[in-house]
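The file input_25.cif contains mmCIF, C-alpha atoms:
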data_model
loop_
_atom_site.label_atom_id
_atom_site.label_comp_id
_atom_site.auth_asym_id
_atom_site.auth_seq_id
_atom_site.Cartn_x
_atom_site.Cartn_y
_atom_site.Cartn_z
CA MET U 559 -36.55 4.98 33.64
CA THR U 560 -34.95 8.22 32.46
CA ASP U 561 -33.04 8.61 35.72
CA LEU U 562 -31.88 4.98 35.62
CA ALA U 563 -30.79 5.38 31.99
CA ALA U 564 -28.80 8.49 32.88
CA ARG U 565 -27.08 6.70 35.75
CA ALA U 566 -26.19 3.74 33.52
CA ALA U 567 -24.88 6.14 30.88
CA ASP U 568 -22.68 7.86 33.47
CA LEU U 569 -20.99 4.53 34.23
CA LEU U 570 -20.41 3.80 30.54
CA LEU U 571 -19.02 7.29 30.00
CA GLU U 572 -16.64 6.93 32.93
CA ALA U 573 -15.39 3.65 31.41
CA ARG U 574 -14.79 5.52 28.14
CA ARG U 575 -12.77 8.20 29.89
CA ASP U 576 -10.68 5.79 31.95
CA PRO U 577 -10.20 2.11 30.97
CA ALA U 578 -9.43 1.36 34.63
CA HIS U 579 -13.16 1.83 35.19
CA LYS U 580 -14.28 -0.80 32.70
CA LEU U 581 -17.30 -2.70 33.96
CA ALA U 582 -17.77 -6.39 34.58
CA ALA U 583 -21.46 -5.58 33.97
CA LEU U 584 -23.92 -2.81 34.65
CA PRO U 585 -25.37 -3.00 38.17
CA GLU U 586 -28.52 -5.09 38.07
CA ALA U 587 -30.75 -2.15 38.99
CA LEU U 588 -29.41 -0.14 36.01
CA ARG U 589 -29.30 -2.96 33.49
CA PRO U 590 -31.72 -2.43 30.56
CA ALA U 591 -34.38 -5.12 30.36
CA ASP U 592 -35.10 -4.66 26.67
CA ARG U 593 -34.16 -2.74 23.53
CA ALA U 594 -36.19 0.30 24.53
CA GLY U 595 -34.22 0.62 27.75
CA ALA U 596 -30.95 0.05 25.92
CA TYR U 597 -31.68 2.77 23.37
CA ALA U 598 -32.59 5.20 26.17
CA ILE U 599 -29.10 4.69 27.63
CA GLN U 600 -27.54 5.13 24.17
CA GLN U 601 -29.22 8.49 23.84
CA HIS U 602 -27.81 9.71 27.15
CA VAL U 603 -24.32 8.54 26.15
CA MET U 604 -24.53 10.34 22.80
CA ALA U 605 -25.70 13.55 24.45
CA ALA U 606 -22.33 13.63 26.24
CA LEU U 607 -20.21 12.52 23.27
CA GLY U 608 -21.32 15.24 20.87
CA GLY U 609 -22.49 15.12 17.27
CA ILE U 610 -23.57 12.04 15.34
CA GLY U 611 -21.32 11.35 12.36
CA GLY U 612 -22.93 8.12 11.30
CA TRP U 613 -24.76 4.97 12.33
CA LYS U 614 -24.16 1.27 12.59
CA VAL U 615 -27.01 -1.09 11.80
CA SER U 616 -27.04 -4.86 12.01
CA PRO U 617 -28.68 -7.27 9.55
CA PHE U 618 -32.25 -8.39 10.12
CA ALA U 619 -32.61 -11.40 12.41
CA PRO U 620 -35.16 -14.11 11.51
CA ASP U 621 -37.45 -12.97 14.32
CA ALA U 622 -36.33 -9.44 15.14
CA PRO U 623 -35.56 -6.07 13.55
CA PRO U 624 -31.97 -4.87 13.23
CA MET U 625 -30.03 -3.30 16.09
CA CYS U 626 -28.51 0.13 15.61
CA GLY U 627 -26.40 2.78 17.24
CA PRO U 628 -25.11 6.29 16.48
CA LEU U 629 -21.41 6.82 15.78
CA PRO U 630 -19.70 9.82 17.41
CA VAL U 631 -18.36 12.16 14.76
CA SER U 632 -15.09 12.38 16.68
CA GLY U 633 -14.37 8.70 16.01
CA ILE U 634 -14.78 8.80 12.20
CA THR U 635 -11.59 9.04 10.16
CA PRO U 636 -10.49 8.38 6.57
CA SER U 637 -8.00 5.69 5.57
CA PRO U 638 -5.10 5.41 6.13
CA ALA U 639 -5.62 5.80 9.86
CA ARG U 640 -3.56 5.35 13.00
CA ILE U 641 -5.31 4.76 16.30
CA ALA U 642 -3.72 4.61 19.73
CA PRO U 643 -5.42 1.67 21.44
CA GLY U 644 -4.93 2.77 25.01
CA PRO U 645 -4.40 0.39 27.92
CA HIS U 646 -6.48 -2.80 27.92
CA ALA U 647 -8.28 -1.83 24.70
CA LEU U 648 -10.18 -4.63 22.99
CA ARG U 649 -8.72 -3.89 19.54
CA GLY U 650 -11.42 -5.65 17.58
CA ILE U 651 -11.67 -5.15 13.81
CA GLU U 652 -14.55 -5.71 11.40
CA ALA U 653 -14.44 -5.29 7.61
CA GLU U 654 -17.66 -3.58 6.52
CA ILE U 655 -19.37 -1.82 3.64
CA SER U 656 -21.00 1.50 4.41
CA VAL U 657 -22.98 4.15 2.59
CA HIS U 658 -22.50 7.92 2.72
CA LEU U 659 -25.63 10.01 2.56
CA GLY U 660 -25.97 12.93 0.21
CA ALA U 661 -29.41 14.05 1.41
CA ASP U 662 -31.36 14.27 4.66
CA LEU U 663 -33.95 11.65 5.55
CA PRO U 664 -35.82 13.34 8.43
CA PRO U 665 -38.67 11.63 10.30
CA ARG U 666 -42.04 11.76 8.56
CA ALA U 667 -45.43 10.10 8.79
CA THR U 668 -45.10 8.16 5.52
CA PRO U 669 -42.26 5.62 5.56
CA TYR U 670 -39.46 6.14 3.08
CA SER U 671 -39.50 3.77 0.15
CA ARG U 672 -36.46 1.80 -0.92
CA ALA U 673 -36.16 4.00 -4.01
CA GLU U 674 -36.15 7.18 -1.89
CA VAL U 675 -33.41 5.84 0.35
CA ILE U 676 -31.32 4.77 -2.63
CA ALA U 677 -31.69 8.27 -4.08
CA ALA U 678 -30.34 9.74 -0.83
CA ILE U 679 -27.15 7.62 -0.95
CA ALA U 680 -24.27 9.52 -2.54
CA THR U 681 -21.48 6.93 -2.35
CA MET U 682 -20.64 3.47 -1.04
CA HIS U 683 -17.43 2.89 0.92
CA PRO U 684 -15.32 0.07 2.31
CA ALA U 685 -14.63 0.46 6.00
CA ILE U 686 -13.13 -0.95 9.16
CA GLU U 687 -15.14 -0.64 12.33
CA VAL U 688 -12.91 -0.66 15.40
CA ILE U 689 -14.52 -2.64 18.19
CA ASP U 690 -13.98 -1.60 21.78
CA SER U 691 -16.12 -1.97 24.85
CA ARG U 692 -16.81 -0.32 28.14
CA PHE U 693 -17.14 -3.84 29.55
CA VAL U 694 -14.21 -6.06 30.50
CA GLU U 695 -15.52 -8.85 28.27
CA PRO U 696 -18.42 -7.89 25.98
CA ALA U 697 -19.01 -11.50 24.94
CA ALA U 698 -20.16 -12.17 28.51
CA ILE U 699 -22.64 -9.27 28.56
CA ASP U 700 -26.37 -9.45 27.83
CA MET U 701 -27.60 -8.12 24.51
CA PRO U 702 -29.47 -5.03 25.83
CA SER U 703 -26.39 -3.89 27.77
CA ASN U 704 -24.25 -4.27 24.67
CA ILE U 705 -26.76 -2.21 22.67
CA ALA U 706 -26.59 0.44 25.41
CA ASP U 707 -22.82 0.54 24.84
CA ILE U 708 -23.44 1.25 21.13
CA GLN U 709 -22.70 -2.40 20.36
CA SER U 710 -19.05 -2.11 21.38
CA HIS U 711 -18.29 0.65 18.89
CA GLY U 712 -14.78 2.08 19.17
CA GLY U 713 -14.09 3.88 15.89
CA PHE U 714 -14.77 3.97 12.16
CA VAL U 715 -12.25 4.14 9.32
CA HIS U 716 -13.60 4.59 5.80
CA GLY U 717 -11.95 4.12 2.44
CA PRO U 718 -12.67 6.04 -0.80
CA GLY U 719 -16.26 6.00 -2.00
CA ILE U 720 -17.82 4.84 -5.26
CA ALA U 721 -20.61 6.96 -6.77
CA ASP U 722 -21.87 4.31 -9.23
CA TRP U 723 -22.30 1.80 -6.43
CA GLN U 724 -25.59 0.42 -7.75
CA GLY U 725 -23.58 -1.62 -10.25
CA ILE U 726 -21.91 -3.60 -7.45
CA ASP U 727 -23.40 -7.05 -6.83
CA LEU U 728 -23.13 -7.35 -3.05
CA ALA U 729 -24.15 -11.02 -3.22
CA ARG U 730 -20.94 -11.70 -5.17
CA GLU U 731 -18.68 -9.10 -3.58
CA SER U 732 -15.68 -10.60 -1.77
CA VAL U 733 -13.35 -9.28 0.90
CA GLU U 734 -9.98 -10.20 2.35
CA GLN U 735 -8.78 -8.91 5.71
CA PHE U 736 -5.05 -8.93 6.43
CA VAL U 737 -3.36 -8.44 9.81
CA ASP U 738 0.39 -7.82 9.84
CA GLY U 739 0.54 -9.00 6.23
CA ALA U 740 -1.17 -12.35 6.80
CA LEU U 741 -4.70 -13.23 5.67
CA ASN U 742 -6.88 -13.00 8.75
CA ALA U 743 -10.41 -13.49 7.37
CA GLY U 744 -12.46 -13.34 4.19
CA ARG U 745 -15.85 -14.04 2.70
CA THR U 746 -18.03 -13.60 -0.37
CA GLY U 747 -21.50 -12.04 -0.17
CA HIS U 748 -23.01 -9.54 2.24
CA PRO U 749 -23.81 -11.52 5.42
CA GLY U 750 -27.12 -9.76 6.00
CA GLY U 751 -28.46 -10.37 2.52
CA ASP U 752 -30.08 -6.93 2.11
CA LEU U 753 -27.76 -4.05 2.93
CA ILE U 754 -30.07 -1.40 1.49
CA GLY U 755 -32.99 -2.84 3.46
CA GLN U 756 -31.00 -2.20 6.65
CA VAL U 757 -30.59 1.46 5.70
CA VAL U 758 -34.32 1.74 4.88
CA TRP U 759 -35.19 0.38 8.33
CA LEU U 760 -32.74 2.79 9.97
CA ALA U 761 -34.28 5.76 8.13
CA ASN U 762 -37.82 4.81 9.08
CA GLU U 763 -37.31 3.54 12.63
CA GLY U 764 -33.86 3.37 14.19
CA SER U 765 -32.73 6.97 13.70
CA VAL U 766 -36.04 8.77 14.32
CA TRP U 767 -35.18 9.81 17.90
CA ALA U 768 -32.13 11.72 16.59
CA GLY U 769 -34.03 13.60 13.90
CA GLY U 770 -33.45 10.94 11.27
CA LEU U 771 -30.51 10.49 8.95
CA ARG U 772 -28.53 13.50 7.76
CA ALA U 773 -26.51 14.31 4.67
CA GLY U 774 -22.85 13.66 5.37
CA GLN U 775 -23.46 10.76 7.74
CA PHE U 776 -22.17 7.25 7.14
CA VAL U 777 -24.26 4.13 7.69
CA THR U 778 -22.21 0.97 8.15
CA CYS U 779 -24.03 -2.30 7.77
CA GLY U 780 -22.41 -5.14 9.67
CA SER U 781 -19.23 -7.17 9.68
CA TRP U 782 -18.22 -9.33 6.74
CA THR U 783 -15.36 -10.92 8.69
CA GLY U 784 -16.53 -11.32 12.28
CA ALA U 785 -15.09 -9.41 15.22
CA ASN U 786 -11.40 -10.35 15.26
CA ARG U 787 -9.09 -9.13 17.98
CA VAL U 788 -5.57 -8.04 17.07
CA GLY U 789 -2.33 -7.19 18.83
CA PRO U 790 -1.36 -3.81 20.30
CA ALA U 791 0.70 -2.75 17.26
CA ALA U 792 -1.26 -4.52 14.52
CA ARG U 793 -1.37 -3.29 10.94
CA VAL U 794 -4.70 -4.01 9.27
CA ARG U 795 -5.53 -3.98 5.57
CA VAL U 796 -9.03 -4.65 4.22
CA LYS U 797 -9.62 -5.14 0.50
CA PHE U 798 -13.06 -5.59 -1.05
CA ALA U 799 -13.00 -6.68 -4.68
CA SER U 800 -14.78 -3.58 -6.02
CA PHE U 801 -13.25 -0.96 -3.71
CA ALA U 802 -9.94 0.59 -2.80
CA GLU U 803 -8.23 -0.84 0.27
CA VAL U 804 -8.70 0.44 3.83
CA LEU U 805 -5.64 0.76 6.07
CA LEU U 806 -5.47 0.97 9.85
CA ASP U 807 -2.43 0.89 12.15
CA PHE U 808 -2.70 0.55 15.90
CA ALA U 809 -0.01 2.50 17.72
CA GLY U 810 2.25 0.34 19.83
#

Would you write the structure of this file as structure tokens?
Amino acid sequence: MTDLAARAADLLLEARRDPAHKLAALPEALRPADRAGAYAIQQHVMAALGGIGGWKVSPFAPDAPPMCGPLPVSGITPSPARIAPGPHALRGIEAEISVHLGADLPPRATPYSRAEVIAAIATMHPAIEVIDSRFVEPAAIDMPSNIADIQSHGGFVHGPGIADWQGIDLARESVEQFVDGALNAGRTGHPGGDLIGQVVWLANEGSVWAGGLRAGQFVTCGSWTGANRVGPAARVRVKFASFAEVLLDFAG
């Protein structure tokens, strides 16, 4: 499996380097059959991309644990940000809330409690995750292959953090997402229901292969606005009620 994972990772890395090599799908022989196979490919991709600057973690599903993926440190930038989309880029945007860790949470035999994870969180931030894919159309790709591609991660833009974040009621928090000055999407309430629970799961399970979570890393916890695609010169503004705005311009 290790050799197959490495070969699949090579194809995904080539598609990152040159959008002309985007994939309709992974070859059937290299396609991961399950989450374990998908995460093995992720690990090979990250070995080539360099350091881990953060993580993305999805909400819990009714019958399954979250999905997760490491974020390359090279793709993390503060707001306001300007990103050149490149030819045929997907240009997806997701308004998210993330946490920034102030302490390490390395793997250990005893699972971290919720209180321990909360104590390790230094600040909470608004963010925009940029969605891109190494596949021509990620919506047509099977779930394990999308996980292998770090769930279509393309970049991460974070706004200013709040240290007294525990006073924010995420069930009542609202967000508005604007594209070129027009309201594009909005919602009230974290879609996953338990943002901190997602980070606890990531600390105890999802990040163990990488040595756990590290101080200075971000953890972003799922889209509040869906994955919306925008034009090649779009200007994006995300405003959560309790946070400063996040700004992203795509270069034309």

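For the choices U:Ala582, U:Ala768, U:Leu741, U:Ala667, the atom-to-atom distance to U:Arg795 is smallest for U:Leu741 when using only C-alpha atoms.
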
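Note that atom CA of U:Asp707 and atom CA of U:Phe776 are 18.9 Å apart.
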
For this session: Would you mind listing what lies within 8 Å of U:His602 as a PyMOL selection string, with only C-alpha atoms counted and same-chain residues fewer than 2 positions away left out?
Result: chain U and resi 563-564+567+598-600+604-606

Mind telling me what the PyMOL selection byres ((chain U and resi 734-740) around 8) catches here, as an mmCIF file with C-alpha atoms, in the coordinates of the input?
data_model
loop_
_atom_site.group_PDB
_atom_site.id
_atom_site.type_symbol
_atom_site.label_atom_id
_atom_site.label_comp_id
_atom_site.auth_asym_id
_atom_site.auth_seq_id
_atom_site.Cartn_x
_atom_site.Cartn_y
_atom_site.Cartn_z
ATOM 1 C CA ALA U 653 -14.440 -5.290 7.610
ATOM 2 C CA SER U 732 -15.680 -10.600 -1.770
ATOM 3 C CA VAL U 733 -13.350 -9.280 0.900
ATOM 4 C CA LEU U 741 -4.700 -13.230 5.670
ATOM 5 C CA ASN U 742 -6.880 -13.000 8.750
ATOM 6 C CA ALA U 743 -10.410 -13.490 7.370
ATOM 7 C CA GLY U 744 -12.460 -13.340 4.190
ATOM 8 C CA ARG U 745 -15.850 -14.040 2.700
ATOM 9 C CA THR U 783 -15.360 -10.920 8.690
ATOM 10 C CA VAL U 788 -5.570 -8.040 17.070
ATOM 11 C CA ALA U 792 -1.260 -4.520 14.520
ATOM 12 C CA ARG U 793 -1.370 -3.290 10.940
ATOM 13 C CA VAL U 794 -4.700 -4.010 9.270
ATOM 14 C CA ARG U 795 -5.530 -3.980 5.570
ATOM 15 C CA VAL U 796 -9.030 -4.650 4.220
ATOM 16 C CA LYS U 797 -9.620 -5.140 0.500
ATOM 17 C CA PHE U 798 -13.060 -5.590 -1.050
#

For this session: Tell me which protein, DNA and RNA residues are within 12 Å of U:Ser616, counting only C-alpha atoms, leaving out same-chain ones fewer than 2 positions away, and put them as a ChimeraX atom specification.
Result: /U:613-614,618-619,622-627,654-656,705,708-709,748-757,759-760,764,777-782

Problem set entry | Protein/DNA/RNA residues near (-20.6, 8.5, 14.8), cut 9 Å, all atoms listed in the file, as JSON, numbers by chain | {"U": [609, 610, 611, 612, 613, 614, 627, 628, 629, 630, 631, 632, 633, 634, 713, 714, 775, 776]}
